[in-house]
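Heads up, protein10.txt below (compact mmCIF, N, CA and C atoms):
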```txt
# COMPACT_ATOMS: atom_id res chain seq x y z
N MET A 1 -14.18 1.84 5.54
CA MET A 1 -14.14 1.59 4.12
C MET A 1 -15.39 2.18 3.50
N ASN A 2 -15.21 2.79 2.39
CA ASN A 2 -16.32 3.37 1.66
C ASN A 2 -17.07 2.26 0.93
N THR A 3 -18.30 2.02 1.31
CA THR A 3 -19.08 0.94 0.73
C THR A 3 -19.27 1.15 -0.77
N GLU A 4 -19.50 2.38 -1.20
CA GLU A 4 -19.68 2.63 -2.63
C GLU A 4 -18.44 2.24 -3.40
N THR A 5 -17.27 2.56 -2.89
CA THR A 5 -16.02 2.19 -3.55
C THR A 5 -15.92 0.69 -3.67
N MET A 6 -16.22 -0.03 -2.60
CA MET A 6 -16.12 -1.48 -2.62
C MET A 6 -17.13 -2.09 -3.58
N GLN A 7 -18.31 -1.50 -3.72
CA GLN A 7 -19.34 -2.08 -4.58
C GLN A 7 -18.92 -2.08 -6.04
N ILE A 8 -18.07 -1.15 -6.47
CA ILE A 8 -17.70 -1.08 -7.88
C ILE A 8 -16.42 -1.84 -8.19
N VAL A 9 -15.77 -2.40 -7.21
CA VAL A 9 -14.57 -3.16 -7.44
C VAL A 9 -14.93 -4.44 -8.18
N GLN A 10 -14.22 -4.70 -9.25
CA GLN A 10 -14.46 -5.90 -10.05
C GLN A 10 -14.03 -7.14 -9.28
N GLY A 11 -14.71 -8.22 -9.53
CA GLY A 11 -14.28 -9.50 -8.99
C GLY A 11 -14.91 -9.93 -7.68
N ILE A 12 -15.64 -9.04 -7.01
CA ILE A 12 -16.25 -9.40 -5.73
C ILE A 12 -17.65 -9.94 -6.00
N HIS A 13 -17.88 -11.17 -5.58
CA HIS A 13 -19.18 -11.84 -5.78
C HIS A 13 -19.96 -11.74 -4.47
N ASN A 14 -20.98 -10.88 -4.44
CA ASN A 14 -21.76 -10.60 -3.25
C ASN A 14 -23.25 -10.71 -3.59
N PRO A 15 -23.75 -11.95 -3.78
CA PRO A 15 -25.11 -12.13 -4.29
C PRO A 15 -26.22 -11.58 -3.41
N LEU A 16 -26.00 -11.45 -2.11
CA LEU A 16 -27.04 -10.89 -1.24
C LEU A 16 -26.99 -9.37 -1.22
N GLY A 17 -26.00 -8.78 -1.87
CA GLY A 17 -25.89 -7.32 -1.91
C GLY A 17 -25.63 -6.70 -0.55
N LEU A 18 -24.95 -7.42 0.31
CA LEU A 18 -24.67 -6.92 1.67
C LEU A 18 -23.63 -5.81 1.63
N ASP A 19 -23.70 -4.93 2.63
CA ASP A 19 -22.70 -3.88 2.74
C ASP A 19 -21.33 -4.51 2.93
N LEU A 20 -20.36 -3.99 2.22
CA LEU A 20 -19.00 -4.48 2.33
C LEU A 20 -18.24 -3.65 3.35
N ILE A 21 -17.43 -4.33 4.13
CA ILE A 21 -16.58 -3.68 5.12
C ILE A 21 -15.15 -4.12 4.88
N ASP A 22 -14.22 -3.41 5.44
CA ASP A 22 -12.80 -3.72 5.28
C ASP A 22 -12.33 -4.63 6.40
N ALA A 23 -11.81 -5.80 6.04
CA ALA A 23 -11.32 -6.76 7.03
C ALA A 23 -9.81 -6.73 7.17
N THR A 24 -9.19 -5.66 6.74
CA THR A 24 -7.74 -5.54 6.91
C THR A 24 -7.43 -5.59 8.40
N GLY A 25 -6.47 -6.42 8.78
CA GLY A 25 -6.08 -6.56 10.17
C GLY A 25 -6.85 -7.63 10.93
N TYR A 26 -7.84 -8.24 10.29
CA TYR A 26 -8.60 -9.31 10.94
C TYR A 26 -7.75 -10.57 11.02
N THR A 27 -8.13 -11.46 11.91
CA THR A 27 -7.47 -12.75 12.04
C THR A 27 -8.48 -13.85 11.76
N THR A 28 -7.99 -15.06 11.72
CA THR A 28 -8.86 -16.21 11.56
C THR A 28 -8.60 -17.17 12.71
N GLY A 29 -9.63 -17.85 13.10
CA GLY A 29 -9.47 -18.82 14.18
C GLY A 29 -9.04 -20.19 13.68
N GLN A 30 -8.83 -20.30 12.39
CA GLN A 30 -8.48 -21.58 11.79
C GLN A 30 -6.96 -21.76 11.77
N GLU A 31 -6.54 -22.94 12.10
CA GLU A 31 -5.11 -23.22 12.13
C GLU A 31 -4.64 -23.96 10.90
N ASP A 32 -5.56 -24.51 10.11
CA ASP A 32 -5.20 -25.30 8.94
C ASP A 32 -4.92 -24.39 7.75
N LEU A 33 -3.67 -23.97 7.63
CA LEU A 33 -3.28 -23.08 6.53
C LEU A 33 -2.19 -23.77 5.73
N ASP A 34 -2.45 -23.94 4.44
CA ASP A 34 -1.46 -24.47 3.52
C ASP A 34 -0.71 -23.28 2.94
N PRO A 35 0.52 -23.04 3.37
CA PRO A 35 1.26 -21.85 2.93
C PRO A 35 1.46 -21.79 1.41
N ASP A 36 1.61 -22.94 0.76
CA ASP A 36 1.77 -22.95 -0.69
C ASP A 36 0.49 -22.50 -1.39
N HIS A 37 -0.64 -22.96 -0.88
CA HIS A 37 -1.93 -22.56 -1.46
C HIS A 37 -2.16 -21.05 -1.25
N ALA A 38 -1.87 -20.56 -0.06
CA ALA A 38 -2.02 -19.13 0.22
C ALA A 38 -1.09 -18.31 -0.69
N ALA A 39 0.11 -18.80 -0.94
CA ALA A 39 1.06 -18.08 -1.80
C ALA A 39 0.55 -18.03 -3.24
N GLU A 40 -0.06 -19.12 -3.72
CA GLU A 40 -0.65 -19.13 -5.07
C GLU A 40 -1.75 -18.08 -5.18
N ILE A 41 -2.61 -18.04 -4.17
CA ILE A 41 -3.70 -17.06 -4.18
C ILE A 41 -3.13 -15.64 -4.12
N ALA A 42 -2.11 -15.43 -3.30
CA ALA A 42 -1.48 -14.10 -3.20
C ALA A 42 -0.92 -13.66 -4.54
N ASN A 43 -0.29 -14.57 -5.26
CA ASN A 43 0.25 -14.23 -6.58
C ASN A 43 -0.87 -13.80 -7.52
N SER A 44 -1.99 -14.51 -7.48
CA SER A 44 -3.14 -14.15 -8.30
C SER A 44 -3.69 -12.78 -7.90
N MET A 45 -3.76 -12.53 -6.59
CA MET A 45 -4.29 -11.25 -6.11
C MET A 45 -3.41 -10.08 -6.52
N ARG A 46 -2.12 -10.30 -6.57
CA ARG A 46 -1.22 -9.23 -7.00
C ARG A 46 -1.50 -8.81 -8.44
N VAL A 47 -1.93 -9.76 -9.25
CA VAL A 47 -2.20 -9.51 -10.66
C VAL A 47 -3.64 -9.05 -10.90
N ARG A 48 -4.59 -9.77 -10.29
CA ARG A 48 -6.00 -9.56 -10.59
C ARG A 48 -6.81 -8.91 -9.48
N GLY A 49 -6.22 -8.74 -8.32
CA GLY A 49 -6.97 -8.21 -7.19
C GLY A 49 -7.85 -9.29 -6.58
N TRP A 50 -8.80 -8.87 -5.78
CA TRP A 50 -9.70 -9.81 -5.11
C TRP A 50 -10.65 -10.40 -6.13
N GLN A 51 -10.82 -11.71 -6.09
CA GLN A 51 -11.78 -12.41 -6.95
C GLN A 51 -12.62 -13.32 -6.07
N GLY A 52 -13.91 -13.36 -6.31
CA GLY A 52 -14.78 -14.26 -5.57
C GLY A 52 -15.53 -13.57 -4.45
N PRO A 53 -16.06 -14.39 -3.53
CA PRO A 53 -16.89 -13.82 -2.47
C PRO A 53 -16.05 -13.05 -1.45
N PRO A 54 -16.67 -12.08 -0.80
CA PRO A 54 -15.96 -11.41 0.29
C PRO A 54 -15.83 -12.37 1.47
N LEU A 55 -14.94 -12.06 2.37
CA LEU A 55 -14.86 -12.83 3.60
C LEU A 55 -16.14 -12.62 4.39
N VAL A 56 -16.49 -13.55 5.22
CA VAL A 56 -17.59 -13.40 6.16
C VAL A 56 -16.93 -13.24 7.53
N VAL A 57 -17.26 -12.16 8.23
CA VAL A 57 -16.52 -11.82 9.45
C VAL A 57 -17.45 -11.51 10.62
N LEU A 58 -16.84 -11.55 11.80
CA LEU A 58 -17.47 -11.07 13.03
C LEU A 58 -16.71 -9.79 13.41
N PRO A 59 -17.23 -8.63 13.02
CA PRO A 59 -16.50 -7.38 13.27
C PRO A 59 -16.18 -7.11 14.74
N ASP A 60 -17.07 -7.50 15.65
CA ASP A 60 -16.82 -7.25 17.07
C ASP A 60 -15.60 -8.00 17.58
N TYR A 61 -15.22 -9.05 16.88
CA TYR A 61 -14.07 -9.87 17.28
C TYR A 61 -12.88 -9.67 16.33
N ALA A 62 -13.06 -8.90 15.25
CA ALA A 62 -12.06 -8.76 14.19
C ALA A 62 -11.59 -10.13 13.72
N ARG A 63 -12.57 -11.02 13.55
CA ARG A 63 -12.29 -12.41 13.21
C ARG A 63 -12.99 -12.79 11.91
N ALA A 64 -12.24 -13.40 11.00
CA ALA A 64 -12.82 -13.91 9.76
C ALA A 64 -13.45 -15.27 10.03
N TYR A 65 -14.65 -15.46 9.56
CA TYR A 65 -15.39 -16.71 9.71
C TYR A 65 -15.10 -17.63 8.54
N SER A 66 -14.71 -17.06 7.44
CA SER A 66 -14.42 -17.83 6.22
C SER A 66 -13.14 -17.29 5.60
N GLY A 67 -12.60 -18.05 4.65
CA GLY A 67 -11.51 -17.53 3.83
C GLY A 67 -10.14 -17.48 4.48
N THR A 68 -9.78 -18.49 5.23
CA THR A 68 -8.47 -18.52 5.89
C THR A 68 -7.34 -18.27 4.88
N HIS A 69 -7.38 -18.97 3.76
CA HIS A 69 -6.32 -18.82 2.77
C HIS A 69 -6.41 -17.48 2.04
N ARG A 70 -7.63 -17.04 1.75
CA ARG A 70 -7.79 -15.75 1.07
C ARG A 70 -7.34 -14.60 1.96
N LEU A 71 -7.63 -14.68 3.26
CA LEU A 71 -7.20 -13.64 4.18
C LEU A 71 -5.67 -13.59 4.25
N ALA A 72 -5.04 -14.74 4.40
CA ALA A 72 -3.58 -14.78 4.45
C ALA A 72 -2.98 -14.29 3.13
N ALA A 73 -3.59 -14.68 2.03
CA ALA A 73 -3.10 -14.26 0.71
C ALA A 73 -3.23 -12.75 0.52
N ALA A 74 -4.37 -12.21 0.92
CA ALA A 74 -4.59 -10.76 0.78
C ALA A 74 -3.57 -9.98 1.61
N GLN A 75 -3.27 -10.49 2.78
CA GLN A 75 -2.26 -9.83 3.62
C GLN A 75 -0.88 -9.93 2.97
N ALA A 76 -0.56 -11.11 2.43
CA ALA A 76 0.73 -11.29 1.77
C ALA A 76 0.83 -10.45 0.50
N ALA A 77 -0.27 -10.30 -0.21
CA ALA A 77 -0.30 -9.49 -1.44
C ALA A 77 -0.35 -8.00 -1.13
N GLU A 78 -0.49 -7.67 0.15
CA GLU A 78 -0.55 -6.29 0.62
C GLU A 78 -1.68 -5.50 -0.02
N LEU A 79 -2.86 -6.15 -0.11
CA LEU A 79 -4.04 -5.44 -0.59
C LEU A 79 -4.34 -4.32 0.39
N THR A 80 -4.77 -3.19 -0.11
CA THR A 80 -5.06 -2.07 0.78
C THR A 80 -6.39 -2.21 1.49
N GLU A 81 -7.31 -3.01 0.90
CA GLU A 81 -8.60 -3.29 1.53
C GLU A 81 -8.97 -4.74 1.26
N ILE A 82 -9.53 -5.38 2.27
CA ILE A 82 -9.96 -6.77 2.15
C ILE A 82 -11.47 -6.79 2.30
N PRO A 83 -12.19 -7.12 1.22
CA PRO A 83 -13.66 -7.06 1.28
C PRO A 83 -14.25 -8.15 2.17
N ALA A 84 -15.24 -7.75 2.96
CA ALA A 84 -15.90 -8.67 3.88
C ALA A 84 -17.34 -8.24 4.09
N VAL A 85 -18.13 -9.19 4.56
CA VAL A 85 -19.50 -8.92 4.99
C VAL A 85 -19.64 -9.43 6.41
N ASP A 86 -20.52 -8.79 7.16
CA ASP A 86 -20.78 -9.15 8.55
C ASP A 86 -21.65 -10.41 8.58
N LEU A 87 -21.24 -11.41 9.36
CA LEU A 87 -22.02 -12.64 9.50
C LEU A 87 -23.45 -12.33 9.95
N ALA A 88 -23.63 -11.37 10.83
CA ALA A 88 -24.98 -11.01 11.28
C ALA A 88 -25.83 -10.53 10.11
N GLY A 89 -25.20 -9.85 9.15
CA GLY A 89 -25.91 -9.39 7.96
C GLY A 89 -26.34 -10.54 7.06
N VAL A 90 -25.51 -11.57 6.97
CA VAL A 90 -25.87 -12.76 6.20
C VAL A 90 -27.11 -13.40 6.81
N PHE A 91 -27.13 -13.52 8.13
CA PHE A 91 -28.30 -14.08 8.81
C PHE A 91 -29.51 -13.17 8.63
N ALA A 92 -29.34 -11.87 8.77
CA ALA A 92 -30.45 -10.94 8.64
C ALA A 92 -31.07 -10.99 7.25
N ALA A 93 -30.25 -11.24 6.23
CA ALA A 93 -30.77 -11.35 4.86
C ALA A 93 -31.75 -12.51 4.72
N HIS A 94 -31.71 -13.43 5.68
CA HIS A 94 -32.63 -14.57 5.69
C HIS A 94 -33.61 -14.49 6.87
N ASP A 95 -33.81 -13.25 7.35
CA ASP A 95 -34.74 -12.99 8.45
C ASP A 95 -34.40 -13.77 9.71
N LEU A 96 -33.11 -13.93 9.96
CA LEU A 96 -32.63 -14.61 11.17
C LEU A 96 -31.77 -13.65 11.98
N ASP A 97 -31.87 -13.73 13.28
CA ASP A 97 -31.05 -12.92 14.17
C ASP A 97 -29.93 -13.80 14.73
N LEU A 98 -28.72 -13.58 14.25
CA LEU A 98 -27.58 -14.40 14.64
C LEU A 98 -27.42 -14.46 16.15
N TYR A 99 -27.46 -13.31 16.80
CA TYR A 99 -27.20 -13.24 18.24
C TYR A 99 -28.31 -13.89 19.05
N ALA A 100 -29.56 -13.68 18.66
CA ALA A 100 -30.68 -14.32 19.36
C ALA A 100 -30.62 -15.83 19.18
N LEU A 101 -30.30 -16.26 17.99
CA LEU A 101 -30.19 -17.69 17.71
C LEU A 101 -29.08 -18.33 18.55
N ALA A 102 -27.94 -17.67 18.63
CA ALA A 102 -26.83 -18.18 19.44
C ALA A 102 -27.23 -18.26 20.91
N ASP A 103 -27.92 -17.24 21.40
CA ASP A 103 -28.37 -17.25 22.79
C ASP A 103 -29.39 -18.36 23.04
N GLU A 104 -30.38 -18.46 22.16
CA GLU A 104 -31.45 -19.46 22.33
C GLU A 104 -30.89 -20.89 22.34
N GLU A 105 -29.91 -21.14 21.49
CA GLU A 105 -29.37 -22.49 21.37
C GLU A 105 -28.07 -22.68 22.16
N GLU A 106 -27.73 -21.65 22.93
CA GLU A 106 -26.51 -21.68 23.75
C GLU A 106 -25.29 -22.07 22.93
N LEU A 107 -25.12 -21.36 21.81
CA LEU A 107 -24.00 -21.61 20.90
C LEU A 107 -22.99 -20.47 20.97
N SER A 108 -21.75 -20.82 20.88
CA SER A 108 -20.67 -19.83 20.85
C SER A 108 -20.47 -19.36 19.40
N LEU A 109 -20.40 -18.05 19.20
CA LEU A 109 -20.17 -17.51 17.87
C LEU A 109 -18.84 -17.99 17.29
N LEU A 110 -17.87 -18.19 18.15
CA LEU A 110 -16.53 -18.57 17.68
C LEU A 110 -16.33 -20.07 17.61
N ASP A 111 -16.93 -20.81 18.51
CA ASP A 111 -16.63 -22.24 18.59
C ASP A 111 -17.67 -23.15 17.94
N ASP A 112 -18.88 -22.68 17.76
CA ASP A 112 -19.96 -23.52 17.23
C ASP A 112 -20.37 -23.08 15.83
N ARG A 113 -19.37 -22.87 14.99
CA ARG A 113 -19.62 -22.34 13.65
C ARG A 113 -20.54 -23.24 12.83
N ALA A 114 -20.26 -24.52 12.80
CA ALA A 114 -21.08 -25.42 11.97
C ALA A 114 -22.54 -25.43 12.42
N GLU A 115 -22.75 -25.43 13.72
CA GLU A 115 -24.12 -25.45 14.24
C GLU A 115 -24.88 -24.16 13.89
N LEU A 116 -24.20 -23.03 13.95
CA LEU A 116 -24.83 -21.77 13.59
C LEU A 116 -25.12 -21.71 12.09
N LEU A 117 -24.13 -22.08 11.30
CA LEU A 117 -24.28 -21.99 9.85
C LEU A 117 -25.32 -22.96 9.30
N ALA A 118 -25.64 -23.99 10.05
CA ALA A 118 -26.65 -24.96 9.61
C ALA A 118 -28.02 -24.30 9.43
N HIS A 119 -28.21 -23.11 9.96
CA HIS A 119 -29.48 -22.39 9.84
C HIS A 119 -29.61 -21.63 8.52
N LEU A 120 -28.52 -21.55 7.76
CA LEU A 120 -28.54 -20.81 6.50
C LEU A 120 -28.76 -21.74 5.32
N PRO A 121 -29.37 -21.23 4.25
CA PRO A 121 -29.57 -22.06 3.05
C PRO A 121 -28.24 -22.48 2.42
N ALA A 122 -28.23 -23.66 1.84
CA ALA A 122 -27.02 -24.20 1.21
C ALA A 122 -26.49 -23.25 0.13
N GLU A 123 -27.38 -22.59 -0.61
CA GLU A 123 -26.95 -21.67 -1.68
C GLU A 123 -26.15 -20.50 -1.11
N THR A 124 -26.57 -20.00 0.03
CA THR A 124 -25.86 -18.89 0.66
C THR A 124 -24.50 -19.36 1.18
N LEU A 125 -24.50 -20.53 1.80
CA LEU A 125 -23.23 -21.07 2.30
C LEU A 125 -22.23 -21.22 1.16
N ALA A 126 -22.67 -21.75 0.04
CA ALA A 126 -21.79 -21.95 -1.10
C ALA A 126 -21.35 -20.61 -1.69
N ALA A 127 -22.26 -19.68 -1.82
CA ALA A 127 -21.95 -18.39 -2.43
C ALA A 127 -20.92 -17.59 -1.65
N TYR A 128 -20.91 -17.76 -0.33
CA TYR A 128 -19.99 -16.99 0.51
C TYR A 128 -18.84 -17.84 1.06
N GLY A 129 -18.62 -19.01 0.52
CA GLY A 129 -17.49 -19.84 0.92
C GLY A 129 -17.58 -20.39 2.31
N LEU A 130 -18.81 -20.59 2.78
CA LEU A 130 -19.02 -21.12 4.14
C LEU A 130 -19.37 -22.60 4.13
N ASP A 131 -19.57 -23.17 2.95
CA ASP A 131 -20.06 -24.55 2.87
C ASP A 131 -19.04 -25.59 3.34
N ASP A 132 -17.78 -25.23 3.41
CA ASP A 132 -16.79 -26.21 3.91
C ASP A 132 -16.75 -26.27 5.42
N ILE A 133 -17.49 -25.41 6.09
CA ILE A 133 -17.52 -25.39 7.55
C ILE A 133 -18.58 -26.35 8.09
N CYS A 134 -19.67 -26.49 7.35
CA CYS A 134 -20.80 -27.33 7.80
C CYS A 134 -20.53 -28.81 7.61
```

Kindly transcribe the structure held in the file into structure tokens.
Amino acid sequence: MNTETMQIVQGIHNPLGLDLIDATGYTTGQEDLDPDHAAEIANSMRVRGWQGPPLVVLPDYARAYSGTHRLAAAQAAELTEIPAVDLAGVFAAHDLDLYALADEEELSLLDDRAELLAHLPAETLAAYGLDDIC
């Protein structure tokens, strides 16, 4: 995905100014999906496109860390690109090394989400839709 193209798309709230990547084809590890809620979001996306924060993802796993409903909605709305930021980049913006932290505390990137995210400021968690995980 062309980062410059993604930066000018209206509606994407990216307060840390992180590079945007395309999360098309990514999955989520969350099973709690309200199909009616996802359908409502998809209808909005068909009209207005992506609105709000990008997904936070683990690119090496093609896994979305946030936005279960938004990811499903974007896929249903057949968006050509799904904006996302790398979780490691979110940590780096706060001078933290995600991978070193996970190793030091023996945390799984996929299974210990709340414990990892507890290292980030509340404002960042809220801005990127991660605050419901903690």

What's around Val57 in chain A at 6 Å? Count only C-alpha atoms, leave out sequence neighbours fewer than 5 positions away in its own chain, and write the answer as a PyMOL selection string.
chain A and resi 63-65+86-87

Could I get the residues of range 71-102 of chain A with an atom no further than 12 Å from an atom of range 10-22 of chain A, each paired with its nearest atom pair and that distance in Å to one decimal, using only C-alpha atoms, sorted by chain and residue number, as a tab-separated table?
```
residue	atom	partner	partner_atom	distance
A:Leu71	CA	A:Asp22	CA	11.4
A:Ala74	CA	A:Asp22	CA	11.7
A:Leu79	CA	A:Asp22	CA	10.7
A:Thr80	CA	A:Asp22	CA	9.1
A:Glu81	CA	A:Asp22	CA	5.6
A:Ile82	CA	A:Asp22	CA	5.2
A:Pro83	CA	A:Asp22	CA	5.3
A:Ala84	CA	A:Ile21	CA	5.2
A:Val85	CA	A:Leu20	CA	5.2
A:Asp86	CA	A:Ile21	CA	7.7
A:Leu87	CA	A:Leu18	CA	10.1
A:Ala88	CA	A:Leu18	CA	10.4
A:Gly89	CA	A:Leu18	CA	6.9
A:Val90	CA	A:Leu18	CA	7.5
A:Phe91	CA	A:Leu16	CA	10.6
A:Ala92	CA	A:Leu18	CA	9.9
A:Ala93	CA	A:Leu16	CA	7.2
A:His94	CA	A:Leu16	CA	9.6
```

Strand (DSSP E or B) residues, from DSSP on the backbone, in range 3-80 of chain A, as a ChimeraX atom specification
/A:12,21-22,27-28,52,55-58,63-64

For atom N of His119 in chain A and atom C of Tyr26 in chain A, the interatomic separation in Å (one decimal):
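Atom C of Tyr26 in chain A lies 24.0 Å from atom N of His119 in chain A.
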
Could you tell me which of A:Ala102, A:Val47, A:Ala38, A:Ala73 comes closest to Thr24 in chain A if we count only C-alpha atoms?
A:Ala73

Could you pull out the helix (DSSP H, G or I) residues of chain A from DSSP and send them as a ChimeraX atom specification?
/A:3-7,35-48,59-61,68-76,87-92,98-104,113-117,122-127

Separation of atom N of Gly49 in chain A and atom C of Arg113 in chain A, in Å?
29.4 Å

Have a look at CA of Asp36 in chain A and CA of Pro59 in chain A and let me know their distance in Å, one decimal.
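Computed distance, CA of Asp36 in chain A to CA of Pro59 in chain A, equals 27.8 Å.
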
Considering only N, CA and C atoms, return as a ChimeraX atom specification whatever protein or nucleic-acid residues lie within 8 Å of Glu78 in chain A, sequence-local ones (same chain, fewer than 5 positions apart) excluded.
/A:42,45-46,72-73

Do you know which residues lie at most 6.5 Å from (-24.6, -16.2, 16.1), with coordinates as in the file and all atoms listed in the file counted, and could you write them as a compact mmCIF listing (two decimals) with N, CA and C atoms, keeping the file's coordinate frame?
```
# COMPACT_ATOMS: atom_id res chain seq x y z
N ASP A 97 -31.87 -13.73 13.28
CA ASP A 97 -31.05 -12.92 14.17
C ASP A 97 -29.93 -13.80 14.73
N LEU A 98 -28.72 -13.58 14.25
CA LEU A 98 -27.58 -14.40 14.64
C LEU A 98 -27.42 -14.46 16.15
N TYR A 99 -27.46 -13.31 16.80
CA TYR A 99 -27.20 -13.24 18.24
C TYR A 99 -28.31 -13.89 19.05
N ALA A 100 -29.56 -13.68 18.66
CA ALA A 100 -30.68 -14.32 19.36
C ALA A 100 -30.62 -15.83 19.18
N LEU A 101 -30.30 -16.26 17.99
CA LEU A 101 -30.19 -17.69 17.71
C LEU A 101 -29.08 -18.33 18.55
N ALA A 102 -27.94 -17.67 18.63
CA ALA A 102 -26.83 -18.18 19.44
C ALA A 102 -27.23 -18.26 20.91
N ASP A 103 -27.92 -17.24 21.40
CA ASP A 103 -28.37 -17.25 22.79
C ASP A 103 -29.39 -18.36 23.04
N SER A 108 -21.75 -20.82 20.88
CA SER A 108 -20.67 -19.83 20.85
C SER A 108 -20.47 -19.36 19.40
N LEU A 109 -20.40 -18.05 19.20
CA LEU A 109 -20.17 -17.51 17.87
C LEU A 109 -18.84 -17.99 17.29
N LEU A 116 -24.20 -23.03 13.95
CA LEU A 116 -24.83 -21.77 13.59
C LEU A 116 -25.12 -21.71 12.09
```

Considering all atoms listed in the file, return as a PyMOL selection string whatever protein or nucleic-acid residues lie within 8 Å of range 124-127 of chain A, sequence-local ones (same chain, fewer than 2 positions apart) excluded.
chain A and resi 13-16+52-54+117+120-122+129-132

Using the file's own x, y and z axes, so that the box edges lie along x, y and z, what centre and edge lengths in Å (one decimal) does a box around every listed atom of range 58-61 of chain A get when 5 Å is added on each side? Give it as lines of an AutoDock Vina configuration file.
```
center_x = -15.2
center_y = -9.3
center_z = 14.7
size_x = 14.6
size_y = 14.4
size_z = 15.8
```

Please rebuild range 69-75 of chain A with all heavy atoms and return the result as a short mmCIF file (atom, residue, chain, number, x, y, z; two decimals), in the frame of the given file.
```
data_model
loop_
_atom_site.label_atom_id
_atom_site.label_comp_id
_atom_site.auth_asym_id
_atom_site.auth_seq_id
_atom_site.Cartn_x
_atom_site.Cartn_y
_atom_site.Cartn_z
N HIS A 69 -7.38 -18.97 3.76
CA HIS A 69 -6.32 -18.82 2.77
C HIS A 69 -6.41 -17.48 2.04
O HIS A 69 -5.38 -16.85 1.78
CB HIS A 69 -6.36 -19.98 1.77
CG HIS A 69 -5.90 -21.26 2.37
ND1 HIS A 69 -6.77 -22.14 2.99
CD2 HIS A 69 -4.67 -21.80 2.48
CE1 HIS A 69 -6.08 -23.17 3.44
NE2 HIS A 69 -4.81 -22.99 3.16
N ARG A 70 -7.63 -17.04 1.75
CA ARG A 70 -7.79 -15.75 1.07
C ARG A 70 -7.34 -14.60 1.96
O ARG A 70 -6.73 -13.65 1.49
CB ARG A 70 -9.24 -15.55 0.61
CG ARG A 70 -9.60 -16.51 -0.52
CD ARG A 70 -11.03 -16.35 -0.98
NE ARG A 70 -11.94 -16.74 0.08
CZ ARG A 70 -13.06 -16.10 0.39
NH1 ARG A 70 -13.45 -15.06 -0.31
NH2 ARG A 70 -13.83 -16.53 1.37
N LEU A 71 -7.63 -14.68 3.26
CA LEU A 71 -7.20 -13.64 4.18
C LEU A 71 -5.67 -13.59 4.25
O LEU A 71 -5.07 -12.52 4.13
CB LEU A 71 -7.78 -13.86 5.57
CG LEU A 71 -7.38 -12.88 6.66
CD1 LEU A 71 -7.74 -11.44 6.28
CD2 LEU A 71 -8.01 -13.26 7.99
N ALA A 72 -5.04 -14.74 4.40
CA ALA A 72 -3.58 -14.78 4.45
C ALA A 72 -2.98 -14.29 3.13
O ALA A 72 -1.98 -13.55 3.13
CB ALA A 72 -3.10 -16.20 4.76
N ALA A 73 -3.59 -14.68 2.03
CA ALA A 73 -3.10 -14.26 0.71
C ALA A 73 -3.23 -12.75 0.52
O ALA A 73 -2.32 -12.09 0.02
CB ALA A 73 -3.86 -15.00 -0.38
N ALA A 74 -4.37 -12.21 0.92
CA ALA A 74 -4.59 -10.76 0.78
C ALA A 74 -3.57 -9.98 1.61
O ALA A 74 -3.06 -8.94 1.17
CB ALA A 74 -6.01 -10.40 1.19
N GLN A 75 -3.27 -10.49 2.78
CA GLN A 75 -2.26 -9.83 3.62
C GLN A 75 -0.88 -9.93 2.97
O GLN A 75 -0.14 -8.96 2.93
CB GLN A 75 -2.28 -10.43 5.03
CG GLN A 75 -3.54 -10.09 5.78
CD GLN A 75 -3.77 -10.90 7.04
OE1 GLN A 75 -3.19 -11.96 7.24
NE2 GLN A 75 -4.66 -10.40 7.90
#
```
